[in-house]
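Okay, input26.txt is below, compact mmCIF, C-alpha atoms:
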# COMPACT_ATOMS: atom_id res chain seq x y z
CA MET E 20 -59.83 -71.68 -46.68
CA SER E 21 -57.87 -71.04 -49.87
CA ASP E 22 -54.47 -72.60 -50.45
CA ILE E 23 -52.79 -69.17 -50.18
CA THR E 24 -54.46 -68.43 -46.81
CA LYS E 25 -53.47 -71.87 -45.53
CA GLU E 26 -49.89 -71.30 -46.61
CA THR E 27 -49.82 -67.85 -44.95
CA GLU E 28 -51.11 -69.35 -41.71
CA LYS E 29 -48.48 -72.07 -41.84
CA TYR E 30 -45.78 -69.47 -42.51
CA LYS E 31 -46.95 -67.44 -39.48
CA GLU E 32 -46.84 -70.54 -37.28
CA ASP E 33 -43.32 -71.36 -38.51
CA LEU E 34 -42.23 -67.83 -37.78
CA GLN E 35 -43.65 -67.99 -34.26
CA ARG E 36 -41.85 -71.28 -33.64
CA LEU E 37 -38.62 -69.78 -34.94
CA GLU E 38 -39.02 -66.69 -32.73
CA LYS E 39 -39.58 -68.97 -29.74
CA ALA E 40 -36.48 -71.00 -30.59
CA LEU E 41 -34.37 -67.85 -30.91
CA GLU E 42 -35.73 -66.52 -27.64
CA PHE E 43 -34.82 -69.84 -26.03
CA SER E 44 -31.34 -69.52 -27.53
CA ASN E 45 -30.97 -66.17 -25.72
CA THR E 46 -32.06 -67.78 -22.46
CA MET E 47 -29.52 -70.57 -23.02
CA LYS E 48 -26.77 -68.01 -23.72
CA THR E 49 -27.43 -66.37 -20.35
CA PHE E 50 -27.74 -69.76 -18.64
CA ASN E 51 -24.46 -71.00 -20.12
CA LEU E 52 -22.55 -67.85 -19.21
CA ASN E 53 -23.79 -67.94 -15.62
CA LYS E 54 -23.12 -71.69 -15.40
CA ASN E 55 -19.59 -71.17 -16.69
CA ASN E 56 -18.96 -68.41 -14.16
CA LEU E 57 -20.21 -70.68 -11.36
CA LYS E 58 -17.84 -73.37 -12.61
CA VAL E 59 -14.85 -70.98 -12.57
CA LYS E 60 -15.80 -69.85 -9.07
CA THR E 61 -15.91 -73.49 -7.93
CA GLN E 62 -12.52 -74.20 -9.51
CA ASN E 63 -11.02 -71.23 -7.68
CA LEU E 64 -12.60 -72.09 -4.35
CA LEU E 65 -11.37 -75.70 -4.50
CA SER E 66 -7.94 -74.65 -3.31
CA HIS E 67 -6.29 -75.71 -0.08
CA SER E 68 -2.91 -74.48 1.11
CA THR E 69 -0.83 -76.05 3.85
CA SER E 70 2.85 -76.49 4.78
CA GLY E 71 3.88 -73.91 2.18
CA GLY E 72 2.16 -75.66 -0.76
CA SER E 73 -1.13 -75.17 -2.62
CA PHE E 74 -3.39 -78.01 -3.71
CA THR E 75 -6.27 -78.15 -6.15
CA VAL E 76 -8.84 -80.26 -4.35
CA ASP E 77 -10.56 -82.81 -6.57
CA GLN E 78 -11.89 -86.35 -6.41
CA SER E 79 -8.55 -87.92 -7.32
CA LEU E 80 -6.67 -86.09 -4.52
CA ILE E 81 -9.33 -87.15 -2.02
CA SER E 82 -9.23 -90.77 -3.27
CA PHE E 83 -5.44 -90.86 -3.12
CA MET E 84 -5.40 -89.39 0.39
CA ASN E 85 -8.05 -91.90 1.44
CA PHE E 86 -5.75 -94.68 0.20
CA VAL E 87 -2.80 -93.12 2.07
CA VAL E 88 -4.75 -92.91 5.35
CA SER E 89 -6.21 -96.42 4.90
CA SER E 90 -2.68 -97.76 4.36
CA GLY E 91 -1.72 -96.44 7.78
CA LYS E 92 0.68 -93.73 6.55
CA THR E 93 0.56 -90.78 8.92
CA GLU E 94 2.98 -88.56 7.00
CA ILE E 95 3.84 -88.28 3.30
CA THR E 96 5.34 -86.00 0.68
CA LEU E 97 2.89 -84.86 -2.00
CA LEU E 98 3.25 -82.88 -5.21
CA ASP E 99 1.22 -79.68 -5.01
CA LYS E 100 -0.52 -77.87 -7.90
CA ASN E 101 2.81 -76.34 -8.98
CA ASP E 102 4.47 -79.79 -8.91
CA ILE E 103 6.52 -78.83 -5.88
CA PRO E 104 6.98 -81.56 -3.25
CA VAL E 105 5.31 -80.68 0.03
CA TYR E 106 5.67 -82.58 3.28
CA ILE E 107 2.34 -83.40 4.94
CA GLU E 108 2.87 -84.28 8.58
CA ASP E 109 -0.70 -85.26 9.47
CA THR E 110 -2.38 -87.13 6.60
CA GLU E 111 -5.64 -87.70 8.47
CA LYS E 112 -6.12 -84.00 9.17
CA PHE E 113 -5.20 -83.15 5.57
CA LEU E 114 -7.81 -85.64 4.28
CA ASP E 115 -10.42 -84.19 6.64
CA ASP E 116 -9.65 -80.64 5.54
CA ILE E 117 -9.76 -81.30 1.79
CA SER E 118 -12.88 -83.51 2.05
CA SER E 119 -14.77 -80.86 4.03
CA LEU E 120 -13.73 -78.17 1.58
CA TYR E 121 -14.78 -80.30 -1.41
CA PHE E 122 -18.21 -81.15 0.02
CA GLU E 123 -18.90 -77.56 1.04
CA VAL E 124 -17.86 -75.97 -2.25
CA VAL E 125 -19.48 -78.55 -4.52
CA ASN E 126 -22.66 -78.47 -2.45
CA ASP E 127 -22.82 -74.69 -2.90
CA TYR E 128 -22.26 -75.19 -6.64
CA TYR E 129 -25.12 -77.72 -6.69
CA ASN E 130 -27.51 -75.34 -4.91
CA GLU E 131 -26.65 -72.41 -7.14
CA TYR E 132 -26.81 -74.58 -10.27
CA GLN E 133 -30.26 -75.89 -9.30
CA LYS E 134 -31.46 -72.34 -8.75
CA LEU E 135 -30.14 -71.36 -12.17
CA LYS E 136 -31.57 -74.44 -13.89
CA SER E 137 -35.02 -74.31 -12.32
CA SER E 138 -35.74 -70.75 -13.39
CA ARG E 139 -36.06 -69.65 -16.99
CA LYS E 140 -36.23 -66.06 -15.85
CA ILE E 141 -32.75 -64.72 -15.26
CA GLU E 142 -34.21 -61.76 -13.35
CA LYS E 143 -35.39 -64.23 -10.71
CA VAL E 144 -32.03 -65.98 -10.41
CA LEU E 145 -30.07 -62.76 -10.20
CA GLU E 146 -32.66 -61.20 -7.88
CA ILE E 147 -32.93 -58.04 -9.95
CA MET A 23 7.29 -62.31 9.29
CA SER A 24 5.42 -59.13 8.35
CA ARG A 25 2.69 -59.42 5.74
CA GLY A 26 1.30 -56.58 3.69
CA ILE A 27 -1.02 -55.94 0.78
CA ILE A 28 0.17 -53.21 -1.58
CA ILE A 29 -1.92 -51.26 -4.09
CA PHE A 30 -0.54 -48.69 -6.55
CA ALA A 31 -2.47 -45.59 -7.58
CA GLN A 32 -1.45 -42.59 -9.64
CA ASN A 33 -4.23 -40.41 -10.96
CA ASN A 34 -4.49 -39.08 -14.48
CA GLU A 35 -6.98 -36.55 -15.82
CA TYR A 36 -9.32 -39.36 -16.85
CA ILE A 37 -9.48 -41.61 -13.78
CA ASN A 38 -9.27 -41.12 -10.03
CA TYR A 39 -7.21 -44.21 -9.26
CA ALA A 40 -6.83 -43.19 -5.60
CA GLU A 41 -10.51 -43.62 -4.78
CA GLN A 42 -10.63 -46.89 -6.74
CA ALA A 43 -7.63 -48.11 -4.74
CA CYS A 44 -9.53 -47.20 -1.54
CA ALA A 45 -12.50 -49.30 -2.70
CA CYS A 46 -10.18 -52.24 -3.47
CA ALA A 47 -8.46 -51.89 -0.10
CA GLY A 48 -11.89 -51.93 1.59
CA TYR A 49 -12.83 -55.14 -0.21
CA ALA A 50 -9.47 -56.77 0.59
CA ARG A 51 -9.80 -55.86 4.28
CA ARG A 52 -13.33 -57.25 4.39
CA SER A 53 -12.45 -60.60 2.78
CA LEU A 54 -8.92 -61.31 3.98
CA SER A 55 -7.71 -61.47 7.56
CA LEU A 56 -4.19 -62.88 7.73
CA PHE A 57 -2.28 -59.76 6.69
CA ASP A 58 -0.79 -57.03 8.92
CA GLU A 59 -1.32 -53.92 6.81
CA ILE A 60 -2.70 -52.55 3.56
CA CYS A 61 -0.37 -50.02 1.97
CA LEU A 62 -0.84 -47.54 -0.86
CA ILE A 63 2.06 -46.51 -3.08
CA THR A 64 1.23 -43.22 -4.76
CA ASN A 65 2.67 -39.83 -5.73
CA THR A 66 2.34 -36.44 -4.05
CA GLU A 67 0.01 -35.16 -6.78
CA THR A 68 -2.46 -38.03 -6.21
CA LEU A 69 -2.22 -37.99 -2.43
CA ALA A 70 -2.92 -34.29 -1.83
CA PRO A 71 -6.59 -34.10 -2.94
CA ASN A 72 -7.46 -37.60 -1.65
CA GLU A 73 -5.60 -37.76 1.65
CA THR A 74 -8.62 -37.95 3.97
CA LEU A 75 -10.19 -40.83 2.03
CA ILE A 76 -6.86 -42.65 1.69
CA ASN A 77 -6.25 -42.49 5.44
CA GLU A 78 -9.63 -44.13 6.05
CA TYR A 79 -8.75 -47.20 3.97
CA PHE A 80 -4.97 -47.59 4.19
CA ASP A 81 -2.74 -48.39 7.17
CA ARG A 82 0.29 -46.92 5.45
CA VAL A 83 1.07 -44.64 2.51
CA ILE A 84 4.38 -44.62 0.65
CA ILE A 85 5.19 -41.75 -1.68
CA SER A 86 7.09 -42.50 -4.85
CA ASP A 87 7.57 -39.46 -7.06
CA ASN A 88 9.72 -41.12 -9.71
CA PHE A 89 9.47 -39.67 -13.17
CA GLN A 90 6.96 -41.55 -15.31
CA PRO A 91 7.68 -41.52 -19.04
CA GLU A 92 4.70 -40.89 -21.31
CA ASN A 93 2.64 -44.04 -21.76
CA ILE A 94 -0.62 -43.33 -23.54
CA ARG A 95 -3.38 -45.89 -23.28
CA LEU A 96 -6.78 -46.27 -24.90
CA PHE A 97 -9.40 -46.48 -22.15
CA LYS A 98 -12.72 -48.06 -23.15
CA ASP A 99 -16.01 -47.66 -21.35
CA THR A 100 -17.94 -50.48 -23.08
CA THR A 101 -18.24 -49.77 -26.82
CA ASP A 102 -19.87 -46.47 -25.94
CA LYS A 103 -16.82 -44.33 -25.18
CA LEU A 104 -13.15 -44.45 -26.04
CA GLU A 105 -10.55 -42.08 -24.67
CA TYR A 106 -6.78 -41.81 -24.73
CA ALA A 107 -5.09 -40.82 -21.46
CA PRO A 108 -1.68 -41.23 -19.78
CA PHE A 109 -1.26 -44.57 -18.02
CA LYS A 110 1.12 -44.19 -15.06
CA ASN A 111 2.02 -47.80 -14.39
CA MET A 112 5.80 -47.74 -14.33
CA SER A 113 6.53 -47.74 -10.62
CA ARG A 114 5.47 -51.36 -10.20
CA SER A 115 9.05 -52.56 -10.69
CA GLU A 116 10.09 -50.57 -7.59
CA VAL A 117 7.81 -52.54 -5.29
CA TYR A 118 10.56 -54.84 -4.05
CA LYS A 119 12.55 -51.87 -2.72
CA LEU A 120 9.51 -49.97 -1.50
CA SER A 121 7.71 -52.80 0.28
CA PRO A 122 8.40 -52.73 4.03
CA TYR A 123 7.05 -56.28 4.40
CA ASP A 124 8.70 -59.71 4.41
CA GLU A 125 5.75 -61.06 2.44
CA THR A 126 3.85 -58.86 0.01
CA LEU A 127 0.68 -59.35 -1.98
CA VAL A 128 0.36 -56.74 -4.73
CA ILE A 129 -3.06 -56.12 -6.25
CA ASP A 130 -4.19 -53.72 -8.97
CA ALA A 131 -6.47 -50.84 -8.02
CA ASP A 132 -9.22 -52.53 -10.05
CA TYR A 133 -8.99 -55.98 -8.45
CA PHE A 134 -11.85 -56.66 -6.04
CA ILE A 135 -11.24 -59.47 -3.56
CA MET A 136 -14.53 -61.16 -2.64
CA ASN A 137 -13.40 -64.39 -0.96
CA ASP A 138 -10.59 -65.47 1.36
CA ILE A 139 -8.60 -67.71 -1.01
CA LEU A 140 -5.75 -65.18 -1.28
CA ASP A 141 -5.17 -65.54 2.46
CA GLN A 142 -3.55 -68.85 1.48
CA VAL A 143 -0.53 -67.03 -0.02
CA TRP A 144 0.99 -66.21 3.36
CA ASN A 145 3.81 -68.43 4.54
CA SER A 146 4.13 -70.05 1.12
CA ASP A 147 7.32 -71.92 0.21
CA ASN A 148 7.37 -70.07 -3.13
CA ASP A 149 9.35 -66.83 -3.46
CA VAL A 150 7.06 -65.49 -6.18
CA MET A 151 3.55 -66.49 -7.23
CA ILE A 152 1.77 -65.09 -10.27
CA ASN A 153 -0.90 -66.43 -12.64
CA SER A 154 -0.84 -67.00 -16.37
CA LYS A 155 -4.24 -68.68 -16.51
CA TYR A 156 -7.26 -66.45 -16.68
CA ARG A 157 -10.96 -66.57 -17.51
CA ASP A 158 -12.95 -63.91 -19.27
CA ILE A 159 -16.27 -63.45 -17.44
CA SER A 160 -18.01 -62.84 -20.78
CA GLY A 161 -16.54 -65.93 -22.41
CA ARG A 162 -15.23 -63.94 -25.39
CA HIS A 163 -11.65 -65.14 -24.95
CA GLN A 164 -11.95 -68.90 -24.96
CA GLU A 165 -8.26 -69.58 -24.38
CA ASN A 166 -7.17 -69.48 -20.78
CA ILE A 167 -3.58 -68.46 -21.47
CA GLU A 168 -2.66 -65.33 -23.36
CA TYR A 169 0.66 -64.94 -25.16
CA ILE A 170 2.73 -61.78 -25.55
CA ASP A 171 2.37 -62.57 -29.25
CA ASN A 172 1.27 -65.66 -31.20
CA PHE A 173 4.94 -66.58 -31.64
CA SER A 174 6.17 -65.50 -28.21
CA ILE A 175 6.08 -66.54 -24.55
CA PRO A 176 3.03 -66.96 -22.26
CA MET A 177 1.83 -63.85 -20.52
CA TYR A 178 1.78 -63.64 -16.75
CA TRP A 179 -0.78 -61.24 -15.29
CA ALA A 180 0.82 -58.63 -13.01
CA THR A 181 -2.70 -57.82 -11.74
CA VAL A 182 -2.13 -59.87 -8.59
CA PHE A 183 1.15 -61.35 -7.46
CA TYR A 184 2.90 -62.42 -4.31
CA PHE A 185 6.56 -62.21 -3.39
CA LYS A 186 8.67 -62.62 -0.33
CA LYS A 187 12.00 -60.93 0.32
CA SER A 188 14.36 -63.42 -1.32
CA ASP A 189 17.15 -63.63 -3.90
CA PHE A 190 14.76 -64.82 -6.60
CA ALA A 191 12.33 -61.93 -6.06
CA GLU A 192 15.11 -59.35 -5.80
CA ASN A 193 16.65 -60.53 -9.09
CA LEU A 194 13.23 -60.61 -10.72
CA PHE A 195 12.52 -56.97 -9.88
CA THR A 196 16.03 -55.93 -10.93
CA LEU A 197 15.33 -57.48 -14.33
CA ILE A 198 11.86 -55.89 -14.57
CA SER A 199 13.42 -52.52 -13.89
CA HIS A 200 16.08 -53.14 -16.55
CA ILE A 201 13.41 -54.16 -19.07
CA LYS A 202 11.40 -51.05 -18.24
CA TYR A 203 14.33 -48.75 -19.05
CA ASN A 204 15.22 -50.70 -22.22
CA TYR A 205 11.68 -51.52 -23.25
CA LYS A 206 12.06 -50.98 -27.02
CA TYR A 207 14.82 -53.59 -27.21
CA TYR A 208 12.84 -56.22 -25.29
CA TYR A 209 9.66 -55.22 -27.08
CA TYR A 210 11.20 -56.29 -30.40
CA LEU A 211 13.12 -59.23 -28.92
CA TYR A 212 9.93 -60.78 -27.58
CA ASN A 213 7.82 -59.78 -30.57
CA CYS A 214 5.33 -57.82 -28.47
CA SER A 215 2.10 -56.41 -29.82
CA GLY A 216 0.70 -52.91 -29.12
CA ASN A 217 2.70 -49.81 -28.22
CA LEU A 218 1.81 -49.56 -24.55
CA TYR A 219 4.33 -50.41 -21.81
CA ARG A 220 2.64 -53.24 -19.97
CA ASN A 221 3.71 -54.58 -16.59
CA ASP A 222 2.29 -57.94 -17.68
CA PHE A 223 4.80 -58.03 -20.55
CA ALA A 224 7.75 -56.83 -18.45
CA PHE A 225 7.00 -59.44 -15.75
CA SER A 226 6.63 -62.21 -18.35
CA MET A 227 9.93 -61.34 -20.04
CA ALA A 228 11.77 -61.04 -16.73
CA LEU A 229 10.41 -64.39 -15.53
CA HIS A 230 11.44 -65.97 -18.83
CA ILE A 231 14.99 -64.57 -18.62
CA LEU A 232 15.34 -65.43 -14.93
CA ASN A 233 14.33 -69.03 -15.60
CA GLY A 234 17.14 -69.43 -18.13
CA SER A 235 15.18 -68.29 -21.22
CA VAL A 236 13.61 -71.72 -21.62
CA ALA A 237 10.12 -73.12 -21.11
CA PHE A 238 9.30 -72.72 -17.45
CA ASP A 239 6.57 -72.92 -14.87
CA VAL A 240 6.21 -70.13 -12.36
CA PRO A 241 4.18 -71.10 -9.28
CA SER A 242 0.66 -69.80 -9.55
CA LEU A 243 -1.35 -68.16 -6.79
CA PRO A 244 -3.82 -70.39 -4.90
CA ILE A 245 -6.55 -69.16 -7.26
CA ASN A 246 -6.52 -71.26 -10.42
CA TYR A 247 -7.74 -68.51 -12.70
CA LEU A 248 -7.66 -64.75 -12.71
CA ASN A 249 -11.27 -63.73 -13.24
CA ASN A 250 -11.09 -60.92 -15.78
CA SER A 251 -13.86 -58.53 -16.76
CA PHE A 252 -12.59 -56.60 -19.78
CA ASP A 253 -13.42 -52.97 -20.52
CA LEU A 254 -16.34 -53.83 -22.81
CA ASP A 255 -18.22 -55.10 -19.74
CA ASP A 256 -20.00 -52.88 -17.25
CA ILE A 257 -21.27 -53.06 -13.68
CA TYR A 258 -25.03 -53.53 -13.29
CA ARG A 259 -25.25 -53.44 -9.50
CA VAL A 260 -23.07 -53.79 -6.40
CA ASN A 261 -25.04 -55.82 -3.85
CA SER A 262 -22.45 -56.23 -1.11
CA HIS A 263 -18.77 -56.82 -0.31
CA ASN A 264 -18.94 -60.23 -2.01
CA ASP A 265 -21.74 -59.89 -4.54
CA VAL A 266 -21.67 -57.92 -7.80
CA ILE A 267 -23.87 -58.21 -10.89
CA MET A 268 -22.11 -57.46 -14.17
CA TYR A 269 -23.18 -56.66 -17.72
CA CYS A 270 -21.01 -59.04 -19.74
CA ALA A 271 -20.42 -58.06 -23.37
CA ASP A 272 -21.93 -60.66 -25.68
CA ALA A 273 -19.24 -62.62 -27.53
CA GLU A 274 -21.06 -62.25 -30.87
CA ASN A 275 -22.15 -58.66 -30.48
CA VAL A 276 -20.07 -56.73 -27.98
CA SER A 277 -22.46 -53.79 -27.83
CA SER A 278 -25.17 -55.99 -26.29
CA HIS A 279 -24.74 -57.47 -22.84
CA ILE A 280 -25.70 -60.52 -20.77
CA LEU A 281 -26.21 -60.28 -17.02
CA SER A 282 -24.15 -62.46 -14.73
CA ARG A 283 -23.82 -62.52 -10.96
CA PHE A 284 -20.51 -62.88 -9.11
CA LYS A 285 -20.77 -63.96 -5.53
CA ASP A 286 -17.76 -64.98 -3.40
CA MET A 287 -15.60 -64.63 -6.49
CA ASP A 288 -12.73 -62.16 -7.03
CA LEU A 289 -13.22 -59.80 -9.97
CA HIS A 290 -10.68 -57.86 -12.00
CA ILE A 291 -12.84 -55.03 -13.40
CA MET A 292 -10.93 -53.33 -16.21
CA ASN A 293 -13.64 -50.83 -17.09
CA LYS A 294 -12.39 -48.00 -14.86
CA LYS A 295 -15.28 -45.69 -15.73
CA ALA A 296 -17.73 -48.37 -14.56
CA ILE A 297 -15.89 -48.54 -11.21
CA GLY A 298 -16.10 -44.74 -11.06
CA ARG A 299 -19.88 -44.83 -11.59
CA PHE A 300 -20.28 -47.23 -8.65
CA ILE A 301 -17.52 -45.85 -6.45
CA ASP A 302 -19.85 -44.80 -3.61
CA ASP A 303 -21.38 -48.29 -3.42
CA LEU A 304 -17.98 -49.97 -3.61
CA LEU A 305 -16.53 -47.72 -0.91
CA SER A 306 -19.51 -48.22 1.39
CA HIS A 307 -19.31 -52.05 1.22
CA GLY A 308 -15.58 -52.12 1.97
CA GLU A 309 -14.08 -52.13 5.44
CA LYS A 310 -12.15 -49.14 6.71
CA VAL A 311 -9.01 -49.21 8.87

Would you mind writing the file out in structure tokens?
Amino acid sequence: MSDITKETEKYKEDLQRLEKALEFSNTMKTFNLNKNNLKVKTQNLLSHSTSGGSFTVDQSLISFMNFVVSSGKTEITLLDKNDIPVYIEDTEKFLDDISSLYFEVVNDYYNEYQKLKSSRKIEKVLEI
Amino acid sequence: MSRGIIIFAQNNEYINYAEQACACAGYARRSLSLFDEICLITNTETLAPNETLINEYFDRVIISDNFQPENIRLFKDTTDKLEYAPFKNMSRSEVYKLSPYDETLVIDADYFIMNDILDQVWNSDNDVMINSKYRDISGRHQENIEYIDNFSIPMYWATVFYFKKSDFAENLFTLISHIKYNYKYYYYLYNCSGNLYRNDFAFSMALHILNGSVAFDVPSLPINYLNNSFDLDDIYRVNSHNDVIMYCADAENVSSHILSRFKDMDLHIMNKKAIGRFIDDLLSHGEKV
């Protein structure tokens, strides 16, 4: 094989690799957009309202409430997501409610994320 | 305490807002359960040709035939079509007087409720709840707060808001009404951009004034972000009352689109023509009275 032919072959291989990389970049764009939308959905669903206040449920709220319940406090005043003090009259029930919500929502996020991650074909994930 | 959801709809020659409002009411009824009624505020001209459909989706209809000054808006249907048409959005400030409910949740006729989070608004300690944070489903707008202008105040989205009959809410709507009738003055005072009268702007200015014209925090709705689909996006398919697949305009090339699925997630779909194309599907998945 002449040097020119060899070089042409190498160029073709490079081009194919580049096309593959760009195609992968398109897949990643779709993956990232769908992942981001799942994240926003999760952030919106992790909301719990009680006693006139609204709380964003996260690990730190659950940990804090766990500490409150472990310390034997049955009622407390908490700052809600708008920094407004809200009186919680049954801390154990509140902890139960926010923990259940967190596990349920994050578990759904996990399942949907796995589905998204395991399939390179967006048509399959979106069921189209 | 009575609780109602209110949707506004006034048709123009470009869009049948009444049927879109019916679709939104159907979605709200399907996903939420702790309200008493869903009410439409409309004008005689819009009601007459759509009355049968409206009665299927709304518990109550209130007629407001107030004069609407000319407010011309550019409507986009992806990058494919652009059209100017009158935008009749000025009766929103009257909602405090018109609402027969102690607690009211107002939603735009293009806001599709697909989960029950907004049921958490009822019995809130807050007199008014409205969001400034939003997310763009296409990821084109990376910031999650928009400003009236780069050098002005944060913008609150009047797409969805809650109020209860209270002094704060009454004063807020008095101010919104005042701003509406003196819009040019406030437009320059707050360094607004664009020529359109926007409820979002009027609400933001009124909230700013009411809070003493200083930096302030207005309580947000239980949802952390308003999930906005702008008018460059399109609907791909409506699967059910809580499942829609959207064409999201690519951030780098808005004429090409990426598919994304929205399940159990509220959607503010600003492409009115796209809603019109899927109106039969949207109406069929919603719940009637």

So that all listed atoms of region 165-178 of chain A fit with 4 Å spare on each side, what axis-aligned box centre and edge lengths in Å, to one decimal, would you give as JSON?
{"center_x": -1.0, "center_y": -65.7, "center_z": -24.2, "size_x": 22.4, "size_y": 15.8, "size_z": 22.9}

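Nearest-residue note for chain E: choosing from A:Gly216, A:Gly298, A:Gly161, A:Gly308, the minimum distance belongs to A:Gly161, counting only C-alpha atoms.
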
Please check the contacts: residues of chain A at most 6 Å away from chain E, using all atoms listed in the file, listed as number ranges by chain.
A: 142, 145-147, 241, 244-246, 282, 287

Generate a file of the selected residues that holds C-alpha atoms, formatted as a PDB file, in the frame of the given file.
ATOM      1  CA  GLN A 142      -3.550 -68.850   1.480  1.00  0.00           C
ATOM      2  CA  ASN A 145       3.810 -68.430   4.540  1.00  0.00           C
ATOM      3  CA  SER A 146       4.130 -70.050   1.120  1.00  0.00           C
ATOM      4  CA  ASP A 147       7.320 -71.920   0.210  1.00  0.00           C
ATOM      5  CA  PRO A 241       4.180 -71.100  -9.280  1.00  0.00           C
ATOM      6  CA  PRO A 244      -3.820 -70.390  -4.900  1.00  0.00           C
ATOM      7  CA  ILE A 245      -6.550 -69.160  -7.260  1.00  0.00           C
ATOM      8  CA  ASN A 246      -6.520 -71.260 -10.420  1.00  0.00           C
ATOM      9  CA  SER A 282     -24.150 -62.460 -14.730  1.00  0.00           C
ATOM     10  CA  MET A 287     -15.600 -64.630  -6.490  1.00  0.00           C
TER      11      MET A 287
END

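Counting all atoms listed in the file and comparing A:Asp265, A:Glu116, A:Asp124, A:Asp149, the residue that lies closest to Leu197 (chain A) is A:Glu116.
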
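Restricting the calculation to all atoms listed in the file, the smallest distance between Val125 (chain E) and any of E:Asp109, E:Asp99, E:Asp77, E:Val87 is found for E:Asp77.
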
Residues around (-4.9, -40.3, -25.2), cut-off 12 Å, counting all atoms listed in the file - what are they as a PDB file with C-alpha atoms, in the frame of the given file?
ATOM      1  CA  ASN A  34      -4.490 -39.080 -14.480  1.00  0.00           C
ATOM      2  CA  GLU A  35      -6.980 -36.550 -15.820  1.00  0.00           C
ATOM      3  CA  TYR A  36      -9.320 -39.360 -16.850  1.00  0.00           C
ATOM      4  CA  GLU A  92       4.700 -40.890 -21.310  1.00  0.00           C
ATOM      5  CA  ASN A  93       2.640 -44.040 -21.760  1.00  0.00           C
ATOM      6  CA  ILE A  94      -0.620 -43.330 -23.540  1.00  0.00           C
ATOM      7  CA  ARG A  95      -3.380 -45.890 -23.280  1.00  0.00           C
ATOM      8  CA  LEU A  96      -6.780 -46.270 -24.900  1.00  0.00           C
ATOM      9  CA  PHE A  97      -9.400 -46.480 -22.150  1.00  0.00           C
ATOM     10  CA  LYS A  98     -12.720 -48.060 -23.150  1.00  0.00           C
ATOM     11  CA  LEU A 104     -13.150 -44.450 -26.040  1.00  0.00           C
ATOM     12  CA  GLU A 105     -10.550 -42.080 -24.670  1.00  0.00           C
ATOM     13  CA  TYR A 106      -6.780 -41.810 -24.730  1.00  0.00           C
ATOM     14  CA  ALA A 107      -5.090 -40.820 -21.460  1.00  0.00           C
ATOM     15  CA  PRO A 108      -1.680 -41.230 -19.780  1.00  0.00           C
ATOM     16  CA  PHE A 109      -1.260 -44.570 -18.020  1.00  0.00           C
ATOM     17  CA  LEU A 218       1.810 -49.560 -24.550  1.00  0.00           C
TER      18      LEU A 218
END

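CA of Val266 (chain A) to CA of Lys285 (chain A) spans 6.5 Å [interatomic distance, one decimal].
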
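All residues of protein, DNA or RNA that reach within 9 Å of Thr101 (chain A), judged by only C-alpha atoms and not counting those fewer than 6 positions away in the chain, are Asp253, Leu254, Asp255, Val276 and Ser277 of chain A.
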
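CA of Asn111 (chain A) is positioned 13.2 Å from CA of Tyr203 (chain A).
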
One decimal, in Å: what's the spacing between CA of Asn249 (chain A) and CA of Arg157 (chain A)?
5.1 Å

With a distance cut-off of 10 Å and only C-alpha atoms, select the neighbouring residues of region 89-92 of chain E, excluding the residue or stretch itself and same-chain residues fewer than 5 positions from it, and output the selection as number ranges by chain.
E: 83-84, 108-111

Got a sec: who's within 12 Å of His230 (chain A), counting all atoms listed in the file, leaving out chain neighbours fewer than 2 positions off, as a VMD selection string?
chain A and resid 170 174 to 178 194 197 to 198 201 208 212 223 to 228 232 to 240

Have a look at A:His290, A:Arg114, A:Lys295, A:His307 and name the one nearest to Asp158 (chain A); count all atoms listed in the file.
A:His290

Judged by only C-alpha atoms, the minimum distance to Asn38 (chain A) among A:Lys187, A:His200, A:Lys103, A:Lys110 is found for A:Lys110

Go through E:Lys29, E:Lys112, E:Lys58, E:Arg36 one by one, measure the shortest atom-to-atom distance of each to Glu131 (chain E) using only C-alpha atoms, and give the residue with the smallest value.
E:Lys58

So which residues touch Ser113 (chain A) within 10 Å, counting all atoms listed in the file, skipping near sequence neighbours fewer than 2 positions away, as a PyMOL selection string?
chain A and resi 30-32+63-64+86-90+110-111+115-117+120+199+202+221

Hey, can you spit out that residue selection with C-alpha atoms as a tab-separated table (two decimals), in the frame of the given file?
chain	number	residue	atom	x	y	z
A	30	PHE	CA	-0.54	-48.69	-6.55
A	31	ALA	CA	-2.47	-45.59	-7.58
A	32	GLN	CA	-1.45	-42.59	-9.64
A	63	ILE	CA	2.06	-46.51	-3.08
A	64	THR	CA	1.23	-43.22	-4.76
A	86	SER	CA	7.09	-42.50	-4.85
A	87	ASP	CA	7.57	-39.46	-7.06
A	88	ASN	CA	9.72	-41.12	-9.71
A	89	PHE	CA	9.47	-39.67	-13.17
A	90	GLN	CA	6.96	-41.55	-15.31
A	110	LYS	CA	1.12	-44.19	-15.06
A	111	ASN	CA	2.02	-47.80	-14.39
A	115	SER	CA	9.05	-52.56	-10.69
A	116	GLU	CA	10.09	-50.57	-7.59
A	117	VAL	CA	7.81	-52.54	-5.29
A	120	LEU	CA	9.51	-49.97	-1.50
A	199	SER	CA	13.42	-52.52	-13.89
A	202	LYS	CA	11.40	-51.05	-18.24
A	221	ASN	CA	3.71	-54.58	-16.59
